[in-house]
Amino acid sequence: MLDFGLVQEALQERSLLLTRIAPHLVRPVPFLYPLTHRFWERPYVGMGMLLYDTLGLTGGRSNGVPVHKHLFRRGTLRAAPSLRDDVMIGSVRYYDAQVDDARMVVNVVRTAAHYGAHAANRLAVVDFLHEGEHVVGARVKNQEDGTEFAIRAKQVINATGVWTDETQALVTDRGQLKVRASKGIHLVVPRDRFQSTVGLILRTEKSVLFVIPWGRHWIIGTTDTDWRLDKAHPAASSKDIDYLLERVNKVLKRPLTREDVEGVYAGLRPLLAGENDSTAKLSREHVVAHPVPGLVVVAGGKFTTYRVMARDAVDEATRAMDERVPASCTDRIPLLGADGFRAVWNRRQRLADRSGVHVARVEHLLNRYGSLAGEVLDLIKARPELAEPLPGADDYLGAEVVYATTHEGARHVHDVLTRRTRIAIEAWDRGVSAVPVVADLMAPLLGWSHVQRDNEVAHYLARVRAERLSQQQPDDESADAARMGVDDILPVK
């Protein structure tokens, strides 16, 4: 789309994440771009990749990933033996980066709290506080007990993503930013379903399709379709799943089937609305506005540029304040777990010997918690039974459930299974086997009664049934209706 400035900004932020801010969570991944046309496509794609490599450089320094490389058919099949050799003449290998977005968010919040921010989970804004035309705070509802209270502030930043239109409407209808929700779904399949040492990026008639290595799995996605239904629980339909399988099967020797799919998940992109009907062609840039005194709105953007979005929004908020506020320093502040990560990684065998946990488990913990992995291992030292893997989810330990509850703000079973871990999409049973164990570990830490503990288990099982049912529906409307069959959980009083 010729958004050179946007791409350069994103690549420079990617470099910061890889090398300084979150090297424990963000890591390079090689991808192949298969070439299907002789003569013109290789130089055309090669020039694009060269530009991609160049835009990521900051002051001539490395951008944190190797440069692209051209491969012929033999080299392509060596890297990805499961590719059909009759659909390509070669490929270009390039590097990008991947991150577990939920873990990243948890780390950003914990780092902010470490430096003095107050973070509150499960609060919903129901209205804004006004003094004349000034916004001076917000009225919020505690979703745990239903109580409401006011929070006053010199400036309020509205960063509500796909809910931007609704939250802006609580204040004004003047000069509003308009946001459209674009649904993207992903499939998770076992790593052994096809052989490849690299990820894939494939052209489709609408956009691009990624096949991303993810531990013992592949993630295949994504779609890009308009979504005007329930924003809290976007649903993947049977049509979405078939679309992804059909596109990826065009390049695989052995086609994937529905039986190969372990997990499915859907999310919404908050795109700045324009005149174009296609969400694939809407801008991925972000915009900061100050529609009324006391309220700053930030909308649009990409996950990679979250730090720039935050900096721009806070700069705009502080511009209207009387006191002098120091310039942003977030480009130089590592997230919790990043500081000393590489040194701890080099000592992983010693950590394993000292804790009695297999080195492969220690590596898994380091890739999720960075240098804070020692805190999880300390839980195991105090309670050795927490070294046991969760049923049906061998990659995760009981200690991680306890840590998510005591250190990462998890309040409910589905917080742990869908966000603090990825059991809901990585386990064949979507976490059903692990539910009772997770609930038993969380219950004493959160003071749950037996009724509340049983309610948590029942709610998660109902959620899994609703999601499975939605994924069998032919279209968005019926998938949404099926998924909406389960309300958000509320505590039992």
# chains A, B, ... in the order shown; residues from 1 in each chain; ligands from 1

call {"tool": "residues_around", "arguments": {"residues": "Ala373 (chain A)", "least_positions_apart": "3", "cutoff": "10 Å", "atoms": "only C-alpha atoms", "output": "PyMOL selection string"}}
result
chain A and resi 337+341+344+351+362-370+376-378+400

call {"tool": "select_by_dssp", "arguments": {"residues": "region 17-125 of chain A", "states": "strand (DSSP E)", "output": "PyMOL selection string"}}
result
chain A and resi 27-35+69-72+90-98+123-125

call {"tool": "select_by_dssp", "arguments": {"residues": "region 6-201 of chain A", "states": "alpha helix (DSSP H)", "output": "MDAnalysis selection string"}}
result
chainID A and resid 6:16 41:55 73:79 101:114 164:169

call {"tool": "residues_around", "arguments": {"residues": "region 42-45 of chain A", "least_positions_apart": "4", "cutoff": "12 Å", "atoms": "only C-alpha atoms", "output": "list in words"}}
result
Leu32, Tyr33, Pro34, Leu35, Thr36, His37, Arg38, Met49, Leu50, Leu51, Tyr52, His68, Lys69, His70, Leu71, Phe72, Met88, Ile89, Gly90, Ser91, Val92, Arg93, Tyr94 and Arg203 of chain A

call {"tool": "write_last_selection", "arguments": {"atoms": "N, CA and C atoms", "output": "PDB file, in the first residue's frame"}}
result
ATOM      1  N   LEU A  32       9.516 -18.025   4.277  1.00  0.00           N
ATOM      2  CA  LEU A  32       9.715 -18.180   2.840  1.00  0.00           C
ATOM      3  C   LEU A  32       8.566 -17.527   2.096  1.00  0.00           C
ATOM      4  N   TYR A  33       8.904 -16.777   1.063  1.00  0.00           N
ATOM      5  CA  TYR A  33       7.901 -16.249   0.143  1.00  0.00           C
ATOM      6  C   TYR A  33       8.073 -17.017  -1.168  1.00  0.00           C
ATOM      7  N   PRO A  34       7.213 -18.016  -1.458  1.00  0.00           N
ATOM      8  CA  PRO A  34       7.362 -18.804  -2.678  1.00  0.00           C
ATOM      9  C   PRO A  34       7.154 -17.949  -3.929  1.00  0.00           C
ATOM     10  N   LEU A  35       7.979 -18.172  -4.922  1.00  0.00           N
ATOM     11  CA  LEU A  35       7.882 -17.471  -6.211  1.00  0.00           C
ATOM     12  C   LEU A  35       7.218 -18.386  -7.225  1.00  0.00           C
ATOM     13  N   THR A  36       6.260 -17.863  -7.965  1.00  0.00           N
ATOM     14  CA  THR A  36       5.498 -18.687  -8.910  1.00  0.00           C
ATOM     15  C   THR A  36       5.657 -18.254 -10.361  1.00  0.00           C
ATOM     16  N   HIS A  37       6.261 -17.078 -10.592  1.00  0.00           N
ATOM     17  CA  HIS A  37       6.416 -16.566 -11.962  1.00  0.00           C
ATOM     18  C   HIS A  37       7.901 -16.423 -12.295  1.00  0.00           C
ATOM     19  N   ARG A  38       8.254 -16.837 -13.465  1.00  0.00           N
ATOM     20  CA  ARG A  38       9.645 -16.718 -13.906  1.00  0.00           C
ATOM     21  C   ARG A  38       9.961 -15.284 -14.330  1.00  0.00           C
ATOM     22  N   MET A  49      11.997  -6.785  -0.729  1.00  0.00           N
ATOM     23  CA  MET A  49      12.661  -7.297   0.477  1.00  0.00           C
ATOM     24  C   MET A  49      13.875  -6.439   0.845  1.00  0.00           C
ATOM     25  N   LEU A  50      14.616  -5.974  -0.168  1.00  0.00           N
ATOM     26  CA  LEU A  50      15.753  -5.108   0.093  1.00  0.00           C
ATOM     27  C   LEU A  50      15.296  -3.810   0.756  1.00  0.00           C
ATOM     28  N   LEU A  51      14.196  -3.264   0.256  1.00  0.00           N
ATOM     29  CA  LEU A  51      13.637  -2.059   0.850  1.00  0.00           C
ATOM     30  C   LEU A  51      13.180  -2.337   2.282  1.00  0.00           C
ATOM     31  N   TYR A  52      12.571  -3.502   2.510  1.00  0.00           N
ATOM     32  CA  TYR A  52      12.104  -3.909   3.838  1.00  0.00           C
ATOM     33  C   TYR A  52      13.290  -3.986   4.807  1.00  0.00           C
ATOM     34  N   HIS A  68      17.458 -10.639   3.871  1.00  0.00           N
ATOM     35  CA  HIS A  68      16.790 -11.646   3.051  1.00  0.00           C
ATOM     36  C   HIS A  68      17.794 -12.405   2.181  1.00  0.00           C
ATOM     37  N   LYS A  69      17.357 -13.571   1.686  1.00  0.00           N
ATOM     38  CA  LYS A  69      18.215 -14.404   0.851  1.00  0.00           C
ATOM     39  C   LYS A  69      17.360 -15.091  -0.211  1.00  0.00           C
ATOM     40  N   HIS A  70      17.882 -15.176  -1.435  1.00  0.00           N
ATOM     41  CA  HIS A  70      17.177 -15.850  -2.522  1.00  0.00           C
ATOM     42  C   HIS A  70      17.475 -17.348  -2.499  1.00  0.00           C
ATOM     43  N   LEU A  71      16.448 -18.166  -2.687  1.00  0.00           N
ATOM     44  CA  LEU A  71      16.593 -19.615  -2.767  1.00  0.00           C
ATOM     45  C   LEU A  71      15.981 -20.121  -4.066  1.00  0.00           C
ATOM     46  N   PHE A  72      16.636 -21.116  -4.682  1.00  0.00           N
ATOM     47  CA  PHE A  72      16.038 -21.772  -5.834  1.00  0.00           C
ATOM     48  C   PHE A  72      15.172 -22.923  -5.352  1.00  0.00           C
ATOM     49  N   MET A  88       5.892 -23.704  -7.356  1.00  0.00           N
ATOM     50  CA  MET A  88       6.847 -22.604  -7.184  1.00  0.00           C
ATOM     51  C   MET A  88       8.132 -22.915  -7.943  1.00  0.00           C
ATOM     52  N   ILE A  89       8.870 -21.873  -8.273  1.00  0.00           N
ATOM     53  CA  ILE A  89      10.145 -22.015  -8.966  1.00  0.00           C
ATOM     54  C   ILE A  89      11.311 -21.703  -8.035  1.00  0.00           C
ATOM     55  N   GLY A  90      11.012 -21.323  -6.820  1.00  0.00           N
ATOM     56  CA  GLY A  90      11.999 -20.936  -5.832  1.00  0.00           C
ATOM     57  C   GLY A  90      11.335 -20.066  -4.788  1.00  0.00           C
ATOM     58  N   SER A  91      12.136 -19.328  -4.033  1.00  0.00           N
ATOM     59  CA  SER A  91      11.549 -18.510  -2.972  1.00  0.00           C
ATOM     60  C   SER A  91      12.540 -17.441  -2.539  1.00  0.00           C
ATOM     61  N   VAL A  92      12.037 -16.533  -1.723  1.00  0.00           N
ATOM     62  CA  VAL A  92      12.887 -15.571  -1.032  1.00  0.00           C
ATOM     63  C   VAL A  92      12.681 -15.787   0.468  1.00  0.00           C
ATOM     64  N   ARG A  93      13.783 -15.972   1.181  1.00  0.00           N
ATOM     65  CA  ARG A  93      13.692 -16.124   2.633  1.00  0.00           C
ATOM     66  C   ARG A  93      13.979 -14.772   3.288  1.00  0.00           C
ATOM     67  N   TYR A  94      13.101 -14.373   4.167  1.00  0.00           N
ATOM     68  CA  TYR A  94      13.338 -13.140   4.922  1.00  0.00           C
ATOM     69  C   TYR A  94      12.955 -13.373   6.368  1.00  0.00           C
ATOM     70  N   ARG A 203       0.613 -15.198  -0.975  1.00  0.00           N
ATOM     71  CA  ARG A 203      -0.323 -14.232  -1.529  1.00  0.00           C
ATOM     72  C   ARG A 203      -1.694 -14.881  -1.696  1.00  0.00           C
TER      73      ARG A 203
END

call {"tool": "residues_around", "arguments": {"residues": "Val298 (chain A)", "least_positions_apart": "3", "cutoff": "8 Å", "atoms": "only C-alpha atoms", "output": "ChimeraX atom specification"}}
result
/A:157-159,286-289,309,313

call {"tool": "closest_residue", "arguments": {"among": "A:Arg14, A:Arg319, A:Arg269, A:Lys178", "to": "His290 (chain A)", "atoms": "only C-alpha atoms"}}
result
A:Arg319

call {"tool": "residues_around", "arguments": {"residues": "region 327-335 of chain A", "least_positions_apart": "3", "cutoff": "12 Å", "atoms": "only C-alpha atoms", "output": "MDAnalysis selection string"}}
result
chainID A and resid 12:26 103:115 305:316 318:319 324 338:341 369:372

call {"tool": "write_last_selection", "arguments": {"atoms": "N, CA and C atoms", "output": "compact mmCIF listing (two decimals), in the first residue's frame"}}
result
# COMPACT_ATOMS: atom_id res chain seq x y z
N GLN A 12 11.47 -0.16 12.92
CA GLN A 12 12.36 0.38 13.94
C GLN A 12 11.87 0.02 15.35
N GLU A 13 10.57 0.01 15.54
CA GLU A 13 10.03 -0.43 16.83
C GLU A 13 10.28 -1.92 17.03
N ARG A 14 10.15 -2.70 15.94
CA ARG A 14 10.45 -4.13 16.03
C ARG A 14 11.88 -4.36 16.48
N SER A 15 12.81 -3.56 15.94
CA SER A 15 14.21 -3.68 16.32
C SER A 15 14.41 -3.38 17.81
N LEU A 16 13.73 -2.35 18.30
CA LEU A 16 13.81 -2.03 19.73
C LEU A 16 13.29 -3.18 20.59
N LEU A 17 12.19 -3.78 20.18
CA LEU A 17 11.61 -4.89 20.93
C LEU A 17 12.55 -6.09 20.95
N LEU A 18 13.16 -6.37 19.81
CA LEU A 18 14.05 -7.52 19.70
C LEU A 18 15.32 -7.35 20.51
N THR A 19 15.85 -6.15 20.54
CA THR A 19 17.19 -5.96 21.10
C THR A 19 17.22 -5.34 22.48
N ARG A 20 16.17 -4.61 22.86
CA ARG A 20 16.24 -3.87 24.12
C ARG A 20 15.01 -4.03 25.00
N ILE A 21 13.83 -3.80 24.44
CA ILE A 21 12.63 -3.70 25.28
C ILE A 21 12.12 -5.06 25.72
N ALA A 22 12.07 -6.04 24.82
CA ALA A 22 11.48 -7.34 25.18
C ALA A 22 12.13 -8.50 24.44
N PRO A 23 13.46 -8.67 24.56
CA PRO A 23 14.11 -9.78 23.86
C PRO A 23 13.68 -11.15 24.36
N HIS A 24 13.07 -11.21 25.55
CA HIS A 24 12.60 -12.49 26.08
C HIS A 24 11.25 -12.89 25.50
N LEU A 25 10.54 -11.95 24.89
CA LEU A 25 9.22 -12.23 24.34
C LEU A 25 9.15 -12.13 22.82
N VAL A 26 10.02 -11.32 22.24
CA VAL A 26 10.00 -11.08 20.80
C VAL A 26 11.24 -11.72 20.20
N ARG A 103 1.05 -12.18 26.56
CA ARG A 103 2.16 -12.08 27.52
C ARG A 103 2.80 -10.70 27.44
N MET A 104 2.86 -10.16 26.24
CA MET A 104 3.43 -8.82 26.07
C MET A 104 2.61 -7.79 26.84
N VAL A 105 1.29 -7.88 26.73
CA VAL A 105 0.42 -6.93 27.43
C VAL A 105 0.60 -7.05 28.94
N VAL A 106 0.63 -8.27 29.45
CA VAL A 106 0.84 -8.47 30.89
C VAL A 106 2.16 -7.84 31.33
N ASN A 107 3.21 -8.04 30.53
CA ASN A 107 4.51 -7.48 30.89
C ASN A 107 4.52 -5.95 30.85
N VAL A 108 3.84 -5.37 29.86
CA VAL A 108 3.76 -3.91 29.79
C VAL A 108 3.05 -3.36 31.03
N VAL A 109 1.94 -3.98 31.41
CA VAL A 109 1.19 -3.52 32.59
C VAL A 109 2.02 -3.67 33.85
N ARG A 110 2.68 -4.82 34.00
CA ARG A 110 3.50 -5.05 35.21
C ARG A 110 4.67 -4.07 35.27
N THR A 111 5.26 -3.77 34.12
CA THR A 111 6.38 -2.82 34.09
C THR A 111 5.90 -1.43 34.47
N ALA A 112 4.74 -1.03 33.95
CA ALA A 112 4.17 0.27 34.31
C ALA A 112 3.92 0.34 35.82
N ALA A 113 3.37 -0.72 36.38
CA ALA A 113 3.11 -0.76 37.82
C ALA A 113 4.42 -0.70 38.61
N HIS A 114 5.45 -1.35 38.09
CA HIS A 114 6.77 -1.33 38.74
C HIS A 114 7.31 0.09 38.86
N TYR A 115 6.97 0.93 37.88
CA TYR A 115 7.45 2.31 37.88
C TYR A 115 6.43 3.29 38.46
N THR A 305 3.64 -1.03 16.98
CA THR A 305 3.91 0.37 17.30
C THR A 305 3.17 0.84 18.55
N TYR A 306 2.86 -0.10 19.45
CA TYR A 306 2.11 0.26 20.66
C TYR A 306 2.83 1.35 21.45
N ARG A 307 4.17 1.26 21.52
CA ARG A 307 4.93 2.22 22.32
C ARG A 307 4.86 3.63 21.74
N VAL A 308 4.92 3.73 20.41
CA VAL A 308 4.82 5.04 19.76
C VAL A 308 3.43 5.62 19.97
N MET A 309 2.41 4.77 19.86
CA MET A 309 1.04 5.24 20.09
C MET A 309 0.89 5.79 21.51
N ALA A 310 1.43 5.05 22.48
CA ALA A 310 1.34 5.49 23.87
C ALA A 310 2.10 6.80 24.09
N ARG A 311 3.29 6.88 23.51
CA ARG A 311 4.09 8.11 23.64
C ARG A 311 3.33 9.31 23.06
N ASP A 312 2.77 9.15 21.86
CA ASP A 312 2.07 10.26 21.22
C ASP A 312 0.83 10.67 22.03
N ALA A 313 0.12 9.68 22.57
CA ALA A 313 -1.08 9.99 23.35
C ALA A 313 -0.72 10.71 24.64
N VAL A 314 0.31 10.24 25.34
CA VAL A 314 0.71 10.87 26.59
C VAL A 314 1.29 12.27 26.32
N ASP A 315 2.04 12.41 25.24
CA ASP A 315 2.56 13.74 24.88
C ASP A 315 1.41 14.73 24.67
N GLU A 316 0.37 14.29 23.99
CA GLU A 316 -0.78 15.17 23.75
C GLU A 316 -1.48 15.50 25.05
N THR A 318 -0.15 15.59 28.12
CA THR A 318 0.67 16.44 28.97
C THR A 318 0.83 17.84 28.39
N ARG A 319 0.65 17.97 27.07
CA ARG A 319 0.76 19.28 26.43
C ARG A 319 -0.27 20.25 27.01
N ARG A 324 5.45 20.98 34.03
CA ARG A 324 6.41 20.48 33.05
C ARG A 324 6.55 18.97 33.23
N ALA A 338 13.22 -8.61 30.85
CA ALA A 338 14.18 -8.41 29.76
C ALA A 338 15.59 -8.19 30.28
N ASP A 339 15.69 -7.47 31.39
CA ASP A 339 17.00 -7.12 31.93
C ASP A 339 17.72 -8.39 32.39
N GLY A 340 18.88 -8.67 31.82
CA GLY A 340 19.65 -9.84 32.20
C GLY A 340 19.18 -11.14 31.57
N PHE A 341 18.22 -11.06 30.65
CA PHE A 341 17.64 -12.28 30.07
C PHE A 341 18.70 -13.14 29.40
N TYR A 369 8.81 -15.83 30.67
CA TYR A 369 8.97 -14.90 31.79
C TYR A 369 10.31 -14.18 31.78
N GLY A 370 11.22 -14.56 30.88
CA GLY A 370 12.52 -13.93 30.85
C GLY A 370 13.29 -14.16 32.14
N SER A 371 13.97 -13.14 32.61
CA SER A 371 14.78 -13.28 33.81
C SER A 371 13.93 -13.42 35.08
N LEU A 372 12.60 -13.25 34.95
CA LEU A 372 11.71 -13.49 36.10
C LEU A 372 11.34 -14.96 36.26

call {"tool": "atom_distance", "arguments": {"atom1": "CA of Gly146 (chain A)", "atom2": "CA of Ala119 (chain A)"}}
result
18.4 Å

call {"tool": "atom_distance", "arguments": {"atom1": "CA of Ala79 (chain A)", "atom2": "CA of Gln98 (chain A)"}}
result
19.2 Å

call {"tool": "atom_distance", "arguments": {"atom1": "CA of Thr164 (chain A)", "atom2": "CA of Gln176 (chain A)"}}
result
9.2 Å

call {"tool": "residues_around", "arguments": {"residues": "Arg216 (chain A)", "least_positions_apart": "4", "cutoff": "9 Å", "atoms": "only C-alpha atoms", "output": "number ranges by chain"}}
result
A: 189-192, 426

call {"tool": "write_last_selection", "arguments": {"atoms": "N, CA and C atoms", "output": "PDB file, in the first residue's frame"}}
result
ATOM      1  N   VAL A 189      -2.401 -25.771  14.299  1.00  0.00           N
ATOM      2  CA  VAL A 189      -2.259 -27.184  13.941  1.00  0.00           C
ATOM      3  C   VAL A 189      -0.945 -27.703  14.488  1.00  0.00           C
ATOM      4  N   PRO A 190      -0.827 -29.023  14.732  1.00  0.00           N
ATOM      5  CA  PRO A 190       0.427 -29.570  15.271  1.00  0.00           C
ATOM      6  C   PRO A 190       1.593 -29.370  14.308  1.00  0.00           C
ATOM      7  N   ARG A 191       2.772 -29.209  14.859  1.00  0.00           N
ATOM      8  CA  ARG A 191       3.965 -28.956  14.046  1.00  0.00           C
ATOM      9  C   ARG A 191       4.283 -30.132  13.122  1.00  0.00           C
ATOM     10  N   ASP A 192       3.882 -31.350  13.518  1.00  0.00           N
ATOM     11  CA  ASP A 192       4.237 -32.515  12.708  1.00  0.00           C
ATOM     12  C   ASP A 192       3.316 -32.747  11.514  1.00  0.00           C
ATOM     13  N   GLU A 426      -3.980 -24.319  22.185  1.00  0.00           N
ATOM     14  CA  GLU A 426      -2.908 -25.262  21.899  1.00  0.00           C
ATOM     15  C   GLU A 426      -3.259 -26.696  22.270  1.00  0.00           C
TER      16      GLU A 426
END

call {"tool": "closest_residue", "arguments": {"among": "A:Leu272, A:Val135, A:Ala320, A:Leu177", "to": "Gly294 (chain A)", "atoms": "only C-alpha atoms"}}
result
A:Val135

call {"tool": "closest_residue", "arguments": {"among": "A:Leu446, A:Leu295, A:Arg84, A:Glu467", "to": "Pro255 (chain A)", "atoms": "only C-alpha atoms"}}
result
A:Arg84

call {"tool": "closest_residue", "arguments": {"among": "A:Gln349, A:Gln8, A:Ser470, A:Ser433", "to": "Leu390 (chain A)", "atoms": "only C-alpha atoms"}}
result
A:Ser433

call {"tool": "closest_residue", "arguments": {"among": "A:Asp240, A:Asp145, A:Asp224, A:Asp487", "to": "Gln471 (chain A)", "atoms": "only C-alpha atoms"}}
result
A:Asp240

call {"tool": "residues_around", "arguments": {"residues": "Asp440 (chain A)", "least_positions_apart": "5", "cutoff": "10 Å", "atoms": "only C-alpha atoms", "output": "VMD selection string"}}
result
chain A and resid 413 435 445 448 450 453 to 454 457

call {"tool": "closest_residue", "arguments": {"among": "A:His407, A:Arg347, A:Arg422, A:His130", "to": "Val188 (chain A)", "atoms": "only C-alpha atoms"}}
result
A:Arg422
